[in-house]
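Raw contents of structure.cif, mmCIF, C-alpha atoms:
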data_target
loop_
_atom_site.label_atom_id
_atom_site.label_comp_id
_atom_site.auth_asym_id
_atom_site.auth_seq_id
_atom_site.Cartn_x
_atom_site.Cartn_y
_atom_site.Cartn_z
CA MET A 397 64.59 -135.82 -209.27
CA GLU A 398 67.90 -137.37 -210.19
CA ASN A 399 70.87 -135.07 -210.63
CA TYR A 400 72.48 -134.67 -214.01
CA LYS A 401 75.63 -136.76 -214.23
CA HIS A 402 77.41 -135.46 -217.31
CA ILE A 403 76.84 -132.05 -218.84
CA LEU A 404 78.13 -131.16 -222.31
CA VAL A 405 78.49 -127.44 -222.96
CA CYS A 406 78.81 -126.32 -226.59
CA ILE A 407 80.41 -122.95 -227.12
CA ASP A 408 81.54 -120.85 -230.05
CA LEU A 409 84.32 -119.02 -228.13
CA SER A 410 82.63 -115.63 -228.54
CA ASP A 411 82.45 -113.28 -225.58
CA GLU A 412 78.76 -114.14 -225.25
CA SER A 413 79.56 -117.78 -224.74
CA LYS A 414 81.22 -116.95 -221.41
CA LYS A 415 77.70 -116.64 -220.03
CA VAL A 416 76.82 -120.04 -221.49
CA PHE A 417 79.93 -121.60 -219.98
CA ALA A 418 79.26 -119.99 -216.58
CA ARG A 419 75.71 -121.35 -216.55
CA ALA A 420 76.95 -124.82 -217.46
CA GLN A 421 79.52 -124.63 -214.65
CA ALA A 422 76.83 -123.59 -212.16
CA LEU A 423 74.62 -126.48 -213.26
CA ALA A 424 77.52 -128.93 -213.05
CA GLN A 425 78.27 -127.71 -209.55
CA SER A 426 74.70 -127.89 -208.24
CA ASN A 427 74.28 -131.34 -209.80
CA GLN A 428 77.78 -132.55 -208.91
CA ALA A 429 78.04 -133.49 -212.56
CA LYS A 430 81.03 -133.96 -214.81
CA LEU A 431 81.41 -131.12 -217.32
CA SER A 432 82.73 -131.52 -220.85
CA LEU A 433 83.23 -128.73 -223.33
CA LEU A 434 82.78 -128.86 -227.07
CA HIS A 435 83.84 -126.31 -229.64
CA VAL A 436 83.12 -127.16 -233.23
CA ILE A 437 84.98 -125.56 -236.10
CA GLU A 438 83.06 -125.77 -239.31
CA PRO A 439 85.22 -127.01 -242.18
CA LEU A 440 86.22 -124.15 -244.47
CA SER A 441 85.09 -126.13 -247.45
CA PHE A 442 81.58 -126.12 -246.02
CA ALA A 443 81.71 -122.46 -245.04
CA TYR A 444 82.78 -121.28 -248.46
CA GLY A 445 80.81 -123.56 -250.68
CA GLY A 446 83.18 -126.48 -251.12
CA ASP A 447 84.41 -125.59 -254.59
CA ILE A 448 87.33 -123.30 -253.89
CA PRO A 449 90.31 -124.36 -256.04
CA ILE A 450 92.94 -123.80 -253.31
CA ASP A 451 94.29 -126.00 -250.56
CA LEU A 452 92.87 -124.81 -247.26
CA THR A 453 94.60 -127.38 -245.07
CA ASP A 454 97.08 -124.90 -243.60
CA VAL A 455 94.41 -122.31 -242.90
CA GLN A 456 92.25 -124.96 -241.27
CA GLU A 457 95.14 -126.02 -239.04
CA GLN A 458 95.82 -122.42 -238.05
CA LEU A 459 92.17 -121.99 -237.16
CA GLN A 460 92.33 -125.04 -234.94
CA GLN A 461 95.47 -123.83 -233.21
CA GLN A 462 93.88 -120.44 -232.58
CA ALA A 463 90.75 -122.08 -231.24
CA GLN A 464 92.88 -124.21 -228.93
CA LYS A 465 94.62 -121.12 -227.50
CA HIS A 466 91.34 -119.26 -227.15
CA LEU A 467 89.82 -122.25 -225.40
CA GLU A 468 92.68 -122.39 -222.91
CA SER A 469 92.22 -118.74 -221.95
CA PHE A 470 88.50 -119.43 -221.75
CA THR A 471 88.77 -122.33 -219.34
CA GLN A 472 91.84 -121.34 -217.30
CA GLU A 473 89.72 -120.25 -214.34
CA SER A 474 87.66 -123.43 -214.42
CA ASN A 475 88.45 -126.91 -213.20
CA LEU A 476 88.38 -128.33 -216.71
CA THR A 477 91.41 -130.22 -217.92
CA SER A 478 92.40 -130.41 -221.55
CA SER A 479 90.93 -133.90 -221.74
CA ASP A 480 87.52 -132.42 -220.90
CA CYS A 481 87.74 -129.97 -223.81
CA HIS A 482 87.06 -131.06 -227.34
CA ILE A 483 87.79 -129.10 -230.49
CA ILE A 484 86.28 -130.89 -233.43
CA VAL A 485 86.04 -130.00 -237.09
CA GLY A 486 82.56 -130.74 -238.31
CA GLN A 487 79.02 -129.50 -238.15
CA PRO A 488 78.04 -128.15 -234.73
CA VAL A 489 74.66 -129.88 -234.37
CA ALA A 490 75.84 -133.27 -235.57
CA GLU A 491 78.96 -133.17 -233.41
CA ALA A 492 77.02 -132.09 -230.32
CA HIS A 493 74.60 -134.99 -230.76
CA ARG A 494 77.40 -137.44 -231.47
CA LEU A 495 79.55 -136.43 -228.50
CA ALA A 496 76.57 -136.30 -226.13
CA LYS A 497 75.67 -139.83 -227.15
CA GLU A 498 79.24 -141.10 -227.01
CA TYR A 499 79.73 -139.74 -223.50
CA GLY A 500 76.25 -140.51 -222.25
CA ALA A 501 75.68 -136.82 -221.47
CA ASP A 502 72.27 -136.19 -219.94
CA LEU A 503 72.25 -132.44 -220.50
CA ILE A 504 73.54 -130.27 -223.34
CA VAL A 505 74.00 -126.56 -222.61
CA VAL A 506 74.13 -124.24 -225.60
CA GLY A 507 73.78 -120.52 -226.30
CA SER A 508 70.70 -119.21 -228.03
CA HIS A 509 70.13 -115.83 -229.61
CA GLY A 510 66.39 -116.28 -229.22
CA ARG A 511 65.88 -115.25 -232.80
CA HIS A 512 62.65 -116.14 -234.48
CA GLY A 513 60.99 -115.88 -237.85
CA LEU A 514 63.44 -116.58 -240.64
CA ALA A 515 66.09 -117.81 -238.22
CA LEU A 516 63.79 -120.69 -237.37
CA LEU A 517 63.79 -121.90 -240.95
CA LEU A 518 67.50 -121.25 -241.39
CA GLY A 519 68.11 -123.24 -238.25
CA SER A 520 70.12 -121.89 -235.33
CA THR A 521 72.52 -124.19 -233.52
CA ALA A 522 70.38 -124.25 -230.37
CA ASN A 523 67.34 -125.17 -232.41
CA GLY A 524 69.21 -127.86 -234.27
CA ILE A 525 70.57 -129.32 -231.06
CA LEU A 526 67.14 -129.33 -229.47
CA HIS A 527 65.74 -131.38 -232.32
CA GLY A 528 67.03 -134.89 -232.28
CA ALA A 529 68.82 -134.61 -228.94
CA GLY A 530 68.54 -137.76 -226.85
CA CYS A 531 68.78 -135.76 -223.62
CA ASP A 532 67.75 -132.49 -222.01
CA VAL A 533 68.88 -129.24 -223.59
CA MET A 534 69.42 -125.93 -221.80
CA ALA A 535 69.41 -122.94 -224.14
CA VAL A 536 71.10 -119.99 -222.49
CA ARG A 537 69.96 -116.65 -223.89
CA VAL A 538 72.79 -114.51 -225.18
CA PRO A 539 72.46 -111.00 -226.65
CA ASN A 540 71.56 -110.77 -230.32
CA MET B 999 76.77 -117.13 -211.91
CA GLU B 1000 73.58 -115.60 -210.62
CA ASN B 1001 70.82 -117.95 -209.54
CA TYR B 1002 67.55 -118.03 -211.43
CA LYS B 1003 64.90 -116.04 -209.61
CA HIS B 1004 61.64 -117.05 -211.24
CA ILE B 1005 61.13 -120.25 -213.21
CA LEU B 1006 58.08 -120.80 -215.40
CA VAL B 1007 57.28 -124.43 -216.15
CA CYS B 1008 54.94 -125.14 -219.06
CA ILE B 1009 53.20 -128.49 -218.96
CA ASP B 1010 50.53 -130.28 -220.93
CA LEU B 1011 49.25 -132.43 -218.01
CA SER B 1012 50.30 -135.66 -219.70
CA ASP B 1013 52.05 -138.33 -217.63
CA GLU B 1014 55.30 -137.37 -219.37
CA SER B 1015 55.06 -133.84 -218.07
CA LYS B 1016 55.56 -135.11 -214.52
CA LYS B 1017 59.21 -135.45 -215.42
CA VAL B 1018 59.22 -131.88 -216.72
CA PHE B 1019 57.58 -130.61 -213.55
CA ALA B 1020 60.01 -132.56 -211.34
CA ARG B 1021 62.99 -131.09 -213.18
CA ALA B 1022 61.57 -127.58 -212.82
CA GLN B 1023 61.05 -128.18 -209.10
CA ALA B 1024 64.64 -129.40 -208.70
CA LEU B 1025 65.94 -126.33 -210.54
CA ALA B 1026 63.75 -124.02 -208.45
CA GLN B 1027 65.08 -125.64 -205.30
CA SER B 1028 68.76 -125.49 -206.23
CA ASN B 1029 68.34 -121.87 -207.35
CA GLN B 1030 66.01 -120.90 -204.50
CA ALA B 1031 63.76 -119.55 -207.23
CA LYS B 1032 60.03 -118.96 -207.32
CA LEU B 1033 58.19 -121.51 -209.47
CA SER B 1034 55.11 -120.76 -211.56
CA LEU B 1035 53.22 -123.30 -213.62
CA LEU B 1036 51.46 -122.72 -216.92
CA HIS B 1037 49.03 -124.99 -218.70
CA VAL B 1038 47.62 -123.72 -221.96
CA ILE B 1039 44.41 -125.07 -223.43
CA GLU B 1040 44.19 -124.42 -227.11
CA PRO B 1041 40.83 -122.95 -228.14
CA LEU B 1042 38.63 -125.59 -229.76
CA SER B 1043 37.99 -123.28 -232.67
CA PHE B 1044 41.71 -123.32 -233.42
CA ALA B 1045 42.03 -127.04 -232.93
CA TYR B 1046 39.18 -127.88 -235.26
CA GLY B 1047 39.65 -125.30 -237.94
CA GLY B 1048 37.51 -122.44 -236.69
CA ASP B 1049 34.48 -123.03 -238.90
CA ILE B 1050 32.38 -125.47 -236.91
CA PRO B 1051 28.74 -124.28 -236.87
CA ILE B 1052 28.09 -125.22 -233.23
CA ASP B 1053 28.57 -123.39 -229.96
CA LEU B 1054 31.60 -124.85 -228.21
CA THR B 1055 31.49 -122.61 -225.13
CA ASP B 1056 30.21 -125.35 -222.80
CA VAL B 1057 32.71 -127.88 -224.06
CA GLN B 1058 35.49 -125.36 -223.64
CA GLU B 1059 34.41 -124.67 -220.06
CA GLN B 1060 34.30 -128.38 -219.27
CA LEU B 1061 37.79 -128.76 -220.66
CA GLN B 1062 39.02 -125.99 -218.40
CA GLN B 1063 37.37 -127.52 -215.34
CA GLN B 1064 38.91 -130.88 -216.11
CA ALA B 1065 42.30 -129.27 -216.60
CA GLN B 1066 41.91 -127.50 -213.26
CA LYS B 1067 41.20 -130.80 -211.46
CA HIS B 1068 44.03 -132.55 -213.24
CA LEU B 1069 46.37 -129.71 -212.33
CA GLU B 1070 45.43 -129.97 -208.66
CA SER B 1071 46.22 -133.68 -208.55
CA PHE B 1072 49.42 -132.87 -210.39
CA THR B 1073 50.67 -130.28 -207.95
CA GLN B 1074 49.28 -131.61 -204.68
CA GLU B 1075 52.64 -132.96 -203.59
CA SER B 1076 54.41 -129.71 -204.43
CA ASN B 1077 54.56 -126.41 -202.58
CA LEU B 1078 52.69 -124.61 -205.34
CA THR B 1079 49.56 -122.71 -204.40
CA SER B 1080 46.70 -122.15 -206.81
CA SER B 1081 47.94 -118.60 -207.39
CA ASP B 1082 51.17 -120.05 -208.79
CA CYS B 1083 49.26 -122.16 -211.33
CA HIS B 1084 47.85 -120.66 -214.47
CA ILE B 1085 45.40 -122.27 -216.85
CA ILE B 1086 45.03 -120.11 -219.91
CA VAL B 1087 43.11 -120.59 -223.14
CA GLY B 1088 45.31 -119.58 -226.02
CA GLN B 1089 48.29 -120.67 -228.04
CA PRO B 1090 50.99 -122.36 -225.96
CA VAL B 1091 54.03 -120.59 -227.36
CA ALA B 1092 52.49 -117.11 -227.28
CA GLU B 1093 51.15 -117.57 -223.76
CA ALA B 1094 54.46 -118.93 -222.46
CA HIS B 1095 56.31 -115.91 -223.85
CA ARG B 1096 53.68 -113.49 -222.57
CA LEU B 1097 53.56 -114.91 -219.05
CA ALA B 1098 57.35 -115.20 -218.80
CA LYS B 1099 57.64 -111.54 -219.77
CA GLU B 1100 54.82 -110.43 -217.48
CA TYR B 1101 56.36 -112.20 -214.49
CA GLY B 1102 59.96 -111.44 -215.36
CA ALA B 1103 60.76 -115.16 -215.46
CA ASP B 1104 64.40 -115.83 -216.22
CA LEU B 1105 63.98 -119.51 -217.12
CA ILE B 1106 61.24 -121.39 -218.95
CA VAL B 1107 61.15 -125.18 -218.51
CA VAL B 1108 59.27 -127.16 -221.14
CA GLY B 1109 59.02 -130.75 -222.32
CA SER B 1110 60.52 -131.75 -225.61
CA HIS B 1111 60.00 -134.90 -227.62
CA GLY B 1112 63.30 -134.35 -229.38
CA ARG B 1113 61.65 -134.94 -232.70
CA HIS B 1114 63.36 -133.73 -235.81
CA GLY B 1115 62.81 -133.52 -239.50
CA LEU B 1116 59.24 -132.63 -240.30
CA ALA B 1117 58.47 -131.79 -236.68
CA LEU B 1118 60.90 -128.91 -236.97
CA LEU B 1119 58.85 -127.34 -239.73
CA LEU B 1120 55.56 -128.11 -238.07
CA GLY B 1121 56.93 -126.49 -234.95
CA SER B 1122 56.93 -128.22 -231.60
CA THR B 1123 56.10 -126.23 -228.50
CA ALA B 1124 59.64 -126.46 -227.15
CA ASN B 1125 61.01 -125.19 -230.43
CA GLY B 1126 58.49 -122.38 -230.59
CA ILE B 1127 59.25 -121.34 -227.03
CA LEU B 1128 62.98 -121.38 -227.68
CA HIS B 1129 62.56 -118.97 -230.56
CA GLY B 1130 61.67 -115.53 -229.40
CA ALA B 1131 62.09 -116.27 -225.70
CA GLY B 1132 63.61 -113.39 -223.79
CA CYS B 1133 65.17 -115.73 -221.25
CA ASP B 1134 66.84 -119.12 -220.90
CA VAL B 1135 64.89 -122.22 -221.92
CA MET B 1136 65.36 -125.73 -220.52
CA ALA B 1137 63.93 -128.43 -222.75
CA VAL B 1138 63.37 -131.63 -220.78
CA ARG B 1139 63.41 -134.73 -222.94
CA VAL B 1140 60.26 -136.82 -222.65
CA PRO B 1141 59.59 -140.12 -224.44
CA ASN B 1142 58.24 -139.89 -227.97
#

Once more with this new file: its structure as structure tokens, please.
Amino acid sequence: MENYKHILVCIDLSDESKKVFARAQALAQSNQAKLSLLHVIEPLSFAYGGDIPIDLTDVQEQLQQQAQKHLESFTQESNLTSSDCHIIVGQPVAEAHRLAKEYGADLIVVGSHGRHGLALLLGSTANGILHGAGCDVMAVRVPN
Amino acid sequence: MENYKHILVCIDLSDESKKVFARAQALAQSNQAKLSLLHVIEPLSFAYGGDIPIDLTDVQEQLQQQAQKHLESFTQESNLTSSDCHIIVGQPVAEAHRLAKEYGADLIVVGSHGRHGLALLLGSTANGILHGAGCDVMAVRVPN
């Protein structure tokens, strides 16, 4: 079986996602694969309905700066350089698919809460990434 | 990151599932993990609506025997013994979850067609296994 060559790990910067990142690192190591990291910030206009009559540009920028700092503390013990880490404003599933395709990633690693029932219909990120992915997907179970 | 200890691979015995099996073997090897194989045959009464006025017991038994033979040809080049291979009549998602729990598997490997849209609502096996799994899930992309 051929090794994976490029692994894309998608994380939300929560404490739980440290487990996801560690698993992706272990897989990258055992496969001698390149590792890229993706953190997607959902646009505030999406999160709050899109019809708020105030300018959220500054808040959005602050969020991105905070995410950047958080990401640095997150990856400081890894071999990742800043060019391997991507903070993108958008929708997590779409951006994961897009970046995986753009980089020719052959494995996407993502956290999964393992929820079922309603969550299936509402669509978790792991579920969304699984559907429509052009490559393998590893869903790492994190606590609910 | 701790290695996986027990990997459960779920296959449908199609040609495509050879790729799924090979990936599970590679993961078992790099993690020095035990590998168990599950093939689930859906009961004919489920598949055909449950109200057929004929006795399907013989047909069901033949199906199981055929699956057993197919499974042997499938695993003959692996290190799996017959006690590591499970053919169960039931519903794939439920049986995968049950067996993973029973055996304390920490990773389930399953094929995924990567379909989206309607297939999400109809529920693919990979999607069903992802939801409600108590452990990590690796979805290996197979051709549509």

Selected by the PyMOL selection byres ((chain A) within 7 of (chain B)) in the shown coordinates: which residues, as a PDB file with C-alpha atoms, in the frame of the given file?
ATOM      1  CA  MET A 397      64.590-135.820-209.270  1.00  0.00           C
ATOM      2  CA  ALA A 418      79.260-119.990-216.580  1.00  0.00           C
ATOM      3  CA  ARG A 419      75.710-121.350-216.550  1.00  0.00           C
ATOM      4  CA  ALA A 422      76.830-123.590-212.160  1.00  0.00           C
ATOM      5  CA  SER A 426      74.700-127.890-208.240  1.00  0.00           C
ATOM      6  CA  GLY A 510      66.390-116.280-229.220  1.00  0.00           C
ATOM      7  CA  ARG A 511      65.880-115.250-232.800  1.00  0.00           C
ATOM      8  CA  HIS A 512      62.650-116.140-234.480  1.00  0.00           C
ATOM      9  CA  ASN A 523      67.340-125.170-232.410  1.00  0.00           C
ATOM     10  CA  LEU A 526      67.140-129.330-229.470  1.00  0.00           C
ATOM     11  CA  HIS A 527      65.740-131.380-232.320  1.00  0.00           C
ATOM     12  CA  GLY A 528      67.030-134.890-232.280  1.00  0.00           C
ATOM     13  CA  ALA A 529      68.820-134.610-228.940  1.00  0.00           C
ATOM     14  CA  GLY A 530      68.540-137.760-226.850  1.00  0.00           C
ATOM     15  CA  CYS A 531      68.780-135.760-223.620  1.00  0.00           C
ATOM     16  CA  ASP A 532      67.750-132.490-222.010  1.00  0.00           C
ATOM     17  CA  VAL A 533      68.880-129.240-223.590  1.00  0.00           C
ATOM     18  CA  MET A 534      69.420-125.930-221.800  1.00  0.00           C
ATOM     19  CA  ALA A 535      69.410-122.940-224.140  1.00  0.00           C
ATOM     20  CA  VAL A 536      71.100-119.990-222.490  1.00  0.00           C
ATOM     21  CA  ARG A 537      69.960-116.650-223.890  1.00  0.00           C
TER      22      ARG A 537
END

Carefully work through the PyMOL selection byres ((chain A and resi 481) around 8) for this structure and note down the residues it includes, as a CSV table (one decimal) with C-alpha atoms, keeping the file's coordinate frame.
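What landed in out_14.csv:
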chain,number,residue,atom,x,y,z
A,432,SER,CA,82.7,-131.5,-220.8
A,433,LEU,CA,83.2,-128.7,-223.3
A,434,LEU,CA,82.8,-128.9,-227.1
A,435,HIS,CA,83.8,-126.3,-229.6
A,476,LEU,CA,88.4,-128.3,-216.7
A,477,THR,CA,91.4,-130.2,-217.9
A,478,SER,CA,92.4,-130.4,-221.6
A,479,SER,CA,90.9,-133.9,-221.7
A,480,ASP,CA,87.5,-132.4,-220.9
A,482,HIS,CA,87.1,-131.1,-227.3
A,483,ILE,CA,87.8,-129.1,-230.5

- Kindly extract all protein, DNA and RNA residues lying within 10 Å of the coordinates (86.7, -129.2, -207.1) given in the file, considering all atoms listed in the file, and supply them as a PyMOL selection string. chain A and resi 425+428+474-476

- Could you check which of A:Gln460, A:Asp451, A:Thr521, A:Lys414 is closest to Ala492 of chain A, using all atoms listed in the file?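 Among the listed residues, the smallest separation from Ala492 of chain A belongs to A:Thr521.
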